[in-house]
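Asker: Okay, here's the structure, questions in a sec.
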Amino acid sequence: ARHFLARARAHDDLGAWLAMDEDVTLAQARAADARIAAGDATPLAGVPIAHKDIFVTRDFPSTAGSRMLEGYRSPFDATVVARLADAGCVSLGKLNCDEFAMGSANENSAWRPARNPWDTSRIPGGSSGGSAVAVAARLAPAVTGTDTGGSIRQPAAFCGITGIKPTYGRASRYGMIAFASSLDQAGPMARTAEDCALLLSALCGPDPDRDSTSLDMPPEDFSRSLGDSLDGLRIGVPREFFGEGLAPGVRAALDAALAEYVKLGARLVEISLPRTELAIPVYYIIAPAEASSNLSRFDGVKFGHRAKHYGDLQDMYRKTRAEGFGDEVKRRIMVGTYVLSHGYYDAYYLQAQKIRRMIADDFQQAFQSCDVIAGPVAPTVAWKLGEKSADPVANYLADIFTLPGSLAGLPGMSIPCGFGEHGMPVGLQLIGNYFGEAKLLNAAHRFQ
Ligand code: GLN
């Protein structure tokens with residue numbers, strides 16, 4: 001723990017951390033040592049990790065990357081945080097992220113940008129940008145992230161690490177500051193699929209009293225298939241994921257990865273996900289709709305920031321929210337409120353829900369002929385800081401390959417598969433069918 005704290009401090013210019021407290025970390029490390037000495041040596045005992053600042057924690061402030069929660073301390077730990085602590089993990093603090101997990105570049109953090117360790121003039125991806133930076137720069141062996149529309153997979157890809165978002169409902173959302181509740185999922189990010197499997201096994205599990213969408217399935221050992229042969233594995237390659245718009249360097253890295261899978265015994269099957277393009281408008285209706293509702297709790301009364309000077313109650317709400325939320329969050333609240341409003345609900349929100357169902361059905365159709373799906377995580381490598389910060393739509397378009405799986409609630413992961421333009425890392429996305437995490441992790445493990 002001391003080693004990683006020192007590294008994190010020495011590389012603070014990467015902007016990975018939002019909160020650190022050496023006393024807390026070392027106290028946790030001593031407790032882990034005591035457990036190990038007492039013979040209670042679980043696989044994760046004493047392993048230092050750090051959490052995306054979207055998880056609430058008792059021992060560190062929790063801001064979700066927002067001014068709105070400046071100085072906020074939760075009276076409890078998120079279930080994911082508590083489960084990893086029970087497994088023996090030691091917390092190195094809280095990691096930078098886009099405000100309320102809204103973003104693809106970590107540039108929407110109210111506090112500071114995070115920088116890609118492969119080229120510090122480039123973004124690390126988002127919204128779990130700090131998480132990806134911490135692992136890529138070896139400032140932490142493993143971390144947590146959350147993925148609503150790609151926020152584990154995309155920064156993992158941009159920073160050359162491994163990350164997995166499980167099937168929706170595997171991980172409890174209790175204590176994960178809510179963005180879009182029907183999409184939000186927690187997952188681990190680490191160097192390897194093997195490390196991810198260990199962490200995922202610890203952090204998943206039912207939480208029926210606290211998250212009504214958590215699945216009533218017993219905890220699983222996701223490491224159980226690691227090492228299984230890939231002979232005969234059918235890898236679906238969606239035509240729509242390899243069209244124009246995919247950077248040539250990214251495509252070359254993916255082609256090489258697919259060829260490697262064939263050498264490992266897998267068979268490539270061409271499949272179609274015909275509504276891939278629709279995932280962007282559908283997601284950018286549903287996610288803001290849910291966000292506009294979830295974020296109504298930040299009213300200056302219950303948590304965090306409250307405007308200093310105000311007239312009546314309405315004025316207090318207005319000023320608090322004007323000061324507390326950043327531009328992207330305001331944009332989403334406005335879009336979400338609009339698509340849910342009377343007269344527009346049927347035209348936008350309801351249509352989006354229908355197409356969401358069709359996108360999920362398209363995947364089921366595809367899984368008739370394949371076991372896992374492989375493709376890009378993002379169309380390009382990490383872009384330059386500031387390059388797209390004034391253009392929200394340019395950021396949204398970069399989510400095209402992660403959004404379909406999110407809308408369907410499927411497990412997905414990103415594994416490093418070489419380098420593309422500007423020598424930047426490229427991620428291979430593997431998408432599994434529901435509850436196919438063990439199979440995905442093995443496919444990733446064999447590749448690594
Ligand atoms: N980039 C997407 C967005 O801005 C996804 C974010 C996420 O998965 N949290 O909404």
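Order determines the names: the first chain of the structure tokens is A, the second B, and so forth; residues in each chain are numbered 1 upward, and ligands are numbered 1 upward as they are shown.
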Give me, as a PyMOL selection string, the set of residues whose atoms come within 6 Å of any atom of ligand 1, counting only C-alpha atoms and all ligand atoms.

Answerer: chain A and resi 101-104+127+147-151+399

Asker: May I have all residues of stretch 170-391 of chain A that DSSP, computed from the backbone, assigns to helix (DSSP H, G or I), given as a ChimeraX atom specification?

Answerer: /A:193-203,239-242,248-263,276-297,313-324,327-340,345-366

Asker: Need to verify the contact set: A:Ala132, 12 Å, only C-alpha atoms, exclusion of same-chain residues closer than 2 positions in sequence. Can you return it as number ranges by chain?

Answerer: A: 14-17, 50-52, 95-97, 105-106, 114-118, 123-130, 134-146, 151-164, 188-191, 414

Asker: With only C-alpha atoms counted and 10 Å as the cut-off, give the residues of stretch 241-340 of chain A in contact with stretch 442-446 of chain A, each with its shortest interatomic distance in Å and the pair that gives it, as a Markdown table.

Answerer:
```
| residue | atom | partner | partner_atom | distance |
| --- | --- | --- | --- | --- |
| A:Tyr261 | CA | A:Ala443 | CA | 8.7 |
| A:Leu264 | CA | A:Arg446 | CA | 7.9 |
| A:Ala266 | CA | A:Ala443 | CA | 9.5 |
```

Asker: Point out the residue among A:Val133, A:Val329, A:Leu44, A:Ala279 with the least atom-to-atom distance to A:Thr120, counting only C-alpha atoms.

Answerer: A:Val133

Asker: Work out how far apart atom CA of A:Ser172 and atom CA of A:Ser212 are and give it in Å to one decimal.

Answerer: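 Computing it gives 8.9 Å between the two atoms.
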
Asker: Pick out the closest residue to A:Leu233 from this set: A:Ala382, A:Leu199, A:Ile373, A:Leu215. Count only C-alpha atoms.

Answerer: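 Comparing A:Ala382, A:Leu199, A:Ile373, A:Leu215 against A:Leu233, the winner is A:Ile373.
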
Asker: Could you list, as a ChimeraX atom specification, every residue within 12 Å of A:Gly46, counting only C-alpha atoms and ignoring same-chain residues fewer than 3 positions away?

Answerer: /A:1-2,25-37,40-43,49,84-92,141

Asker: Out of A:Arg356, A:Arg239, A:Arg7, A:Arg332, which residue has the shortest atom-to-atom distance to A:Pro274 when counting only C-alpha atoms?

Answerer: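 When distances to A:Pro274 are compared using only C-alpha atoms, the smallest one comes from A:Arg239.
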
Asker: Here is a test: counting only C-alpha atoms, which residue of A:Thr213, A:Gln365, A:Thr380, A:Ser293 is nearest to A:Pro238?

Answerer: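 Ranked by minimum distance to A:Pro238, first place goes to A:Gln365.
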
Asker: What's around A:Ile54 at 6 Å? Count only C-alpha atoms, leave out sequence neighbours fewer than 3 positions away in its own chain, and write the answer as a PyMOL selection string.

Answerer: chain A and resi 64+176-177

Asker: How many Å lie between atom CA of A:Leu295 and atom CA of A:Pro208, rounded to one decimal?

Answerer: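 Distance between the two atoms: 23.4 Å.
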
Asker: Tell me, in Å to one decimal, how far atom CA of A:Ile431 is from atom CA of A:Gln364.

Answerer: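 Separating atom CA of A:Ile431 from atom CA of A:Gln364 is a distance of 11.9 Å.
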
Asker: Going by DSSP on the backbone, which bits of stretch 137-360 of chain A are strand (DSSP E)? Write them as a ChimeraX atom specification, please.

Answerer: /A:142-147,162-165,185-190,234-238,267-271

Asker: With C-alpha atoms retained, export the selected residues as a PDB file, in the first residue's frame.

Answerer:
```
ATOM      1  CA  ALA A 142      -6.558  -2.963  -9.792  1.00  0.00           C
ATOM      2  CA  VAL A 143      -9.480  -0.571  -9.463  1.00  0.00           C
ATOM      3  CA  THR A 144     -13.228  -0.312  -9.738  1.00  0.00           C
ATOM      4  CA  GLY A 145     -15.097   1.460 -12.481  1.00  0.00           C
ATOM      5  CA  THR A 146     -18.667   1.793 -13.648  1.00  0.00           C
ATOM      6  CA  ASP A 147     -20.084   1.369 -17.104  1.00  0.00           C
ATOM      7  CA  THR A 162      -8.343  -4.914 -19.156  1.00  0.00           C
ATOM      8  CA  GLY A 163     -11.828  -4.150 -17.875  1.00  0.00           C
ATOM      9  CA  ILE A 164     -15.127  -5.961 -17.638  1.00  0.00           C
ATOM     10  CA  LYS A 165     -18.702  -4.806 -17.241  1.00  0.00           C
ATOM     11  CA  GLN A 185     -23.139  -1.448 -13.705  1.00  0.00           C
ATOM     12  CA  ALA A 186     -19.945  -1.732 -11.687  1.00  0.00           C
ATOM     13  CA  GLY A 187     -16.926  -3.763 -12.674  1.00  0.00           C
ATOM     14  CA  PRO A 188     -13.197  -4.189 -12.206  1.00  0.00           C
ATOM     15  CA  MET A 189     -10.331  -2.808 -14.271  1.00  0.00           C
ATOM     16  CA  ALA A 190      -6.898  -4.380 -13.982  1.00  0.00           C
ATOM     17  CA  ARG A 234     -17.565 -19.379 -32.353  1.00  0.00           C
ATOM     18  CA  ILE A 235     -16.630 -15.707 -32.396  1.00  0.00           C
ATOM     19  CA  GLY A 236     -19.239 -13.503 -34.006  1.00  0.00           C
ATOM     20  CA  VAL A 237     -17.827 -10.582 -35.974  1.00  0.00           C
ATOM     21  CA  PRO A 238     -20.532  -7.957 -36.533  1.00  0.00           C
ATOM     22  CA  ARG A 267     -13.857 -19.969 -35.567  1.00  0.00           C
ATOM     23  CA  LEU A 268     -14.950 -16.568 -36.906  1.00  0.00           C
ATOM     24  CA  VAL A 269     -18.584 -16.190 -37.897  1.00  0.00           C
ATOM     25  CA  GLU A 270     -19.908 -13.123 -39.660  1.00  0.00           C
ATOM     26  CA  ILE A 271     -22.960 -11.739 -37.878  1.00  0.00           C
TER      27      ILE A 271
END
```
